[in-house]
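Down below is the structure, laid out as structure tokens.
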Amino acid sequence: MLDAIIAVTLSAPDLGATERAYETQLGYRIVERAEVSRSLAKGWGARATRGRDYVLMQPTSGEPVYLRIVDADKPAPGYAPLRTYGWNANEILVEDPVQLAPLLKEPFAIIGKPRPLDFNPNIVAMQVTGPAGEVNYFTRIPPTGSIFNLGSAKSFVDRTFIVVAGGPDIDAARAFYRDVLKMPTTDPVATKIHVLQDAYGLPREAETRIGIVRFPSSFLIELDQYPPAAVSRPTRRGHLPPGIAMVTFAVNSFDGVKLPWKVPPKAHAEKPYDGRRAGVVIGPSGEWIELVETGASR
């Protein structure tokens, strides 16, 4: 059902600081600056966001995968990166994490230094917290490609290509994406994720069960089984969840589609909808999933 990632939405306590960080340090450019309309706030099921400022940003490459930053006004008490269920990481293609690392400064903070992946040393990744309490993975995939045909960076810092949802039950999460959203998924495997070990004070030998939701090309969703100490994300009534609030996906058509809608589809004039219908579904780990009817596969 899902063809591509269109946007990752951050709910940011300091919109200005978040916007500047992505613009000056990562080269993202502003596509649109506006206020959340009544229609859009209602369409998200987050009426308290009406009138809040937001920016839509795009990587230097010009790839149509956006970062949307919405002013949250203030932090959500009880929220910390990687400690709650929902969308927890935004993985972004970059040309070279080793070169990027010394260029990053506050409000970004490196929590995982650049290192080759165990299963493929040609892929190098680092992990960084951001100004909205989000976690970004910055990853180099060589031009020779990857087993999932994910592509390579076309600019020094490019587009989102993977989003990571953490939850209490990876088998339930996998079943939702497989059976409800009709996506191919992989069997969960156990692996070591250092930033999760650090976030929960776990030993280095601790493993996390992860699974993959596969797209036709260019994108993946990673599903992580979080430790027992993780909790549901604290979200103020009528607001977006803090941190990575929502991920927006392209869907060819809503015709004949039956989903457990939080908000049924309706048309929105703003970018990146451009008059197309969009609706919101809540995933099994509390992740907000926005679906946009694009009319054609990527």
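Residue numbering restarts at 1 for every chain of the structure tokens, chains are lettered A, B, ... in their displayed order, and ligands are numbered from 1 as they appear.
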
Give me the residues within 9 Å of Ile123 (chain A) as a PyMOL selection string, counting only C-alpha atoms and dropping any in the same chain fewer than 2 places off. chain A and resi 115-121+125+139-142+146

Need to verify the contact set: region 258-267 of chain A, 7 Å, only C-alpha atoms, exclusion of same-chain residues closer than 6 positions in sequence. Can you return it as JSON, numbers by chain? {"A": [43, 44, 45, 275, 276, 277, 278, 279, 280, 281, 282]}

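With only C-alpha atoms taken into account, the protein and nucleic acid residues at most 7 Å from Arg29 (chain A) (excluding it and anything under 3 positions from it in its own chain) are Glu23, Met57, Gln58, Pro59 and Thr60 of chain A.
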
Write the selection just made, keeping N, CA and C atoms, as an mmCIF file, in the first residue's frame?
```
data_model
loop_
_atom_site.group_PDB
_atom_site.id
_atom_site.type_symbol
_atom_site.label_atom_id
_atom_site.label_comp_id
_atom_site.auth_asym_id
_atom_site.auth_seq_id
_atom_site.Cartn_x
_atom_site.Cartn_y
_atom_site.Cartn_z
ATOM 1 N N GLU A 23 19.013 24.145 8.576
ATOM 2 C CA GLU A 23 19.392 24.994 7.450
ATOM 3 C C GLU A 23 20.896 25.240 7.416
ATOM 4 N N MET A 57 10.759 21.863 4.863
ATOM 5 C CA MET A 57 12.127 21.967 4.374
ATOM 6 C C MET A 57 12.461 20.772 3.486
ATOM 7 N N GLN A 58 13.486 20.958 2.645
ATOM 8 C CA GLN A 58 13.851 19.969 1.648
ATOM 9 C C GLN A 58 15.370 19.892 1.551
ATOM 10 N N PRO A 59 15.940 18.706 1.319
ATOM 11 C CA PRO A 59 17.396 18.623 1.207
ATOM 12 C C PRO A 59 17.926 19.326 -0.030
ATOM 13 N N THR A 60 19.219 19.623 -0.020
ATOM 14 C CA THR A 60 19.862 20.319 -1.131
ATOM 15 C C THR A 60 19.707 19.576 -2.445
#
```

As a PyMOL selection string, please: every residue in region 196-292 of chain A that DSSP puts in strand (DSSP E). chain A and resi 208-214+220-225+243-251+261-267+277-282+288-292

Take the residues from that selection and put them in a file with C-alpha atoms, as a PDB file, in the first residue's frame.
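File produced: selection_33.pdb:
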```
ATOM      1  CA  THR A 208      17.065  -5.905  20.173  1.00  0.00           C
ATOM      2  CA  ARG A 209      14.606  -7.718  17.926  1.00  0.00           C
ATOM      3  CA  ILE A 210      14.105  -5.767  14.718  1.00  0.00           C
ATOM      4  CA  GLY A 211      12.067  -6.294  11.572  1.00  0.00           C
ATOM      5  CA  ILE A 212      11.857  -4.551   8.212  1.00  0.00           C
ATOM      6  CA  VAL A 213       8.866  -3.233   6.263  1.00  0.00           C
ATOM      7  CA  ARG A 214       9.912  -3.267   2.617  1.00  0.00           C
ATOM      8  CA  LEU A 220      12.230   1.122   4.498  1.00  0.00           C
ATOM      9  CA  ILE A 221      10.508   1.131   7.866  1.00  0.00           C
ATOM     10  CA  GLU A 222      12.453  -0.469  10.701  1.00  0.00           C
ATOM     11  CA  LEU A 223      10.453  -1.953  13.573  1.00  0.00           C
ATOM     12  CA  ASP A 224      12.261  -2.264  16.927  1.00  0.00           C
ATOM     13  CA  GLN A 225      11.143  -4.180  20.004  1.00  0.00           C
ATOM     14  CA  GLY A 243       9.959  14.569  18.810  1.00  0.00           C
ATOM     15  CA  ILE A 244       9.261  12.752  15.562  1.00  0.00           C
ATOM     16  CA  ALA A 245       5.526  13.308  15.611  1.00  0.00           C
ATOM     17  CA  MET A 246       4.351  11.763  12.366  1.00  0.00           C
ATOM     18  CA  VAL A 247       5.586  10.229   9.118  1.00  0.00           C
ATOM     19  CA  THR A 248       3.767  10.889   5.847  1.00  0.00           C
ATOM     20  CA  PHE A 249       3.611   8.193   3.170  1.00  0.00           C
ATOM     21  CA  ALA A 250       2.414   8.099  -0.430  1.00  0.00           C
ATOM     22  CA  VAL A 251      -0.482   5.760  -1.268  1.00  0.00           C
ATOM     23  CA  TRP A 261      -8.690   5.921  10.584  1.00  0.00           C
ATOM     24  CA  LYS A 262      -7.913   8.370  13.380  1.00  0.00           C
ATOM     25  CA  VAL A 263      -8.935  11.033  10.862  1.00  0.00           C
ATOM     26  CA  PRO A 264     -10.495   9.957   7.519  1.00  0.00           C
ATOM     27  CA  PRO A 265      -8.992  11.368   4.310  1.00  0.00           C
ATOM     28  CA  LYS A 266      -9.769  14.889   3.129  1.00  0.00           C
ATOM     29  CA  ALA A 267      -8.078  17.242   0.675  1.00  0.00           C
ATOM     30  CA  ARG A 277      -6.479  13.755   0.064  1.00  0.00           C
ATOM     31  CA  ALA A 278      -4.730  12.709   3.276  1.00  0.00           C
ATOM     32  CA  GLY A 279      -5.760  10.831   6.391  1.00  0.00           C
ATOM     33  CA  VAL A 280      -4.133   9.671   9.622  1.00  0.00           C
ATOM     34  CA  VAL A 281      -3.889   6.200  11.158  1.00  0.00           C
ATOM     35  CA  ILE A 282      -2.315   5.307  14.501  1.00  0.00           C
ATOM     36  CA  TRP A 288       1.131   8.559  13.756  1.00  0.00           C
ATOM     37  CA  ILE A 289       0.969   7.471  10.106  1.00  0.00           C
ATOM     38  CA  GLU A 290      -0.256  10.024   7.572  1.00  0.00           C
ATOM     39  CA  LEU A 291      -1.280   8.685   4.173  1.00  0.00           C
ATOM     40  CA  VAL A 292      -1.481  10.880   1.053  1.00  0.00           C
TER      41      VAL A 292
END
```

Per residue of region 113-141 of chain A within 12 Å of region 66-80 of chain A, note the shortest atom pair and the distance in Å to one decimal, counting only C-alpha atoms, and order the rows by chain and increasing residue number, as a tab-separated table.
```
residue	atom	partner	partner_atom	distance
A:Thr129	CA	A:Ala80	CA	10.3
A:Gly130	CA	A:Ala80	CA	11.5
A:Pro131	CA	A:Ile69	CA	10.8
A:Ala132	CA	A:Pro75	CA	8.7
A:Gly133	CA	A:Ala80	CA	6.7
A:Glu134	CA	A:Ala80	CA	8.9
A:Val135	CA	A:Ala80	CA	10.3
A:Asn136	CA	A:Leu67	CA	12.0
```

Env of region 97-104 of chain A: 8 Å cut, atoms = only C-alpha atoms, seq-sep filter 4 positions within chain, self excluded. Answer as number ranges by chain. A: 25, 108-110, 113-114, 124-126, 138-140

Let's have the selection written as a JSON list (two decimals), in the first residue's frame, with C-alpha atoms.
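Saved result, part10.json, follows:
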```
[["chain", "number", "residue", "atom", "x", "y", "z"],
["A", 25, "GLN", "CA", 24.35, 22.67, 9.51],
["A", 108, "PHE", "CA", 22.88, 18.54, 17.59],
["A", 109, "ALA", "CA", 24.74, 16.02, 19.76],
["A", 110, "ILE", "CA", 26.48, 12.87, 18.54],
["A", 113, "LYS", "CA", 30.16, 8.00, 16.39],
["A", 114, "PRO", "CA", 30.53, 7.08, 12.71],
["A", 124, "VAL", "CA", 28.88, 3.80, 7.58],
["A", 125, "ALA", "CA", 26.44, 5.39, 10.02],
["A", 126, "MET", "CA", 26.35, 7.68, 13.03],
["A", 138, "PHE", "CA", 23.23, 9.78, 9.15],
["A", 139, "THR", "CA", 24.20, 6.95, 6.82],
["A", 140, "ARG", "CA", 26.46, 6.49, 3.82]]
```

Please return, as a PyMOL selection string, all residues of region 69-245 of chain A that DSSP assigns to helix (DSSP H, G or I) on the basis of the backbone. chain A and resi 97-103+170-180+194-200

Ala41 (chain A): which residues within 10 Å, counting only C-alpha atoms, same-chain residues fewer than 4 positions away excluded, as a CSV table (one decimal) with C-alpha atoms, in the first residue's frame?
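Heads up, here's the output in result39.csv:
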```csv
chain,number,residue,atom,x,y,z
A,35,GLU,CA,0.6,28.6,10.0
A,36,VAL,CA,-1.3,25.4,10.7
A,37,SER,CA,-4.7,26.0,9.2
A,45,GLY,CA,-6.5,15.2,14.7
A,46,ALA,CA,-4.4,17.8,16.6
A,47,ARG,CA,-6.7,20.8,17.0
A,48,ALA,CA,-4.4,22.6,19.4
A,49,THR,CA,-1.9,23.0,16.6
A,50,ARG,CA,-4.2,25.4,14.8
A,51,GLY,CA,-2.4,28.7,14.3
A,52,ARG,CA,1.0,27.3,15.2
A,238,GLY,CA,-4.9,18.1,21.0
A,239,HIS,CA,-1.2,18.3,20.1
A,240,LEU,CA,1.2,16.3,18.0
```

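Between CA of Asn252 (chain A) and CA of Ala269 (chain A) the interatomic distance comes to 18.3 Å.
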
Nearest to Glu95 (chain A): which of A:Gly16, A:Gly167, A:Pro241, A:Pro143 is it, counting only C-alpha atoms? A:Pro143

Residues within 7 Å of region 171-176 of chain A, please, as a PyMOL selection string. Count only C-alpha atoms; anything in the same chain fewer than 5 positions from it doesn't count. chain A and resi 181+185+284-285

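One distance worth recording is that between CA of Phe219 (chain A) and CA of Ile162 (chain A), which is 5.6 Å.
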
For Pro272 (chain A), find every residue with an atom within 9 Å (counting only C-alpha atoms), except residues of its own chain fewer than 6 positions away, and show them as a list in words. Ile6, Ala7, Leu56, Pro64 and Tyr66 of chain A

Written file, previous selection with C-alpha atoms, as a compact mmCIF listing (two decimals), in the first residue's frame:
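Saved to part.txt:
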```txt
# COMPACT_ATOMS: atom_id res chain seq x y z
CA ILE A 6 6.85 12.00 1.63
CA ALA A 7 7.66 13.81 4.89
CA LEU A 56 8.51 22.68 5.30
CA PRO A 64 10.80 15.31 -2.84
CA TYR A 66 10.48 16.73 3.21
```

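CA of Ala165 (chain A) sits 12.6 Å away from CA of Leu196 (chain A).
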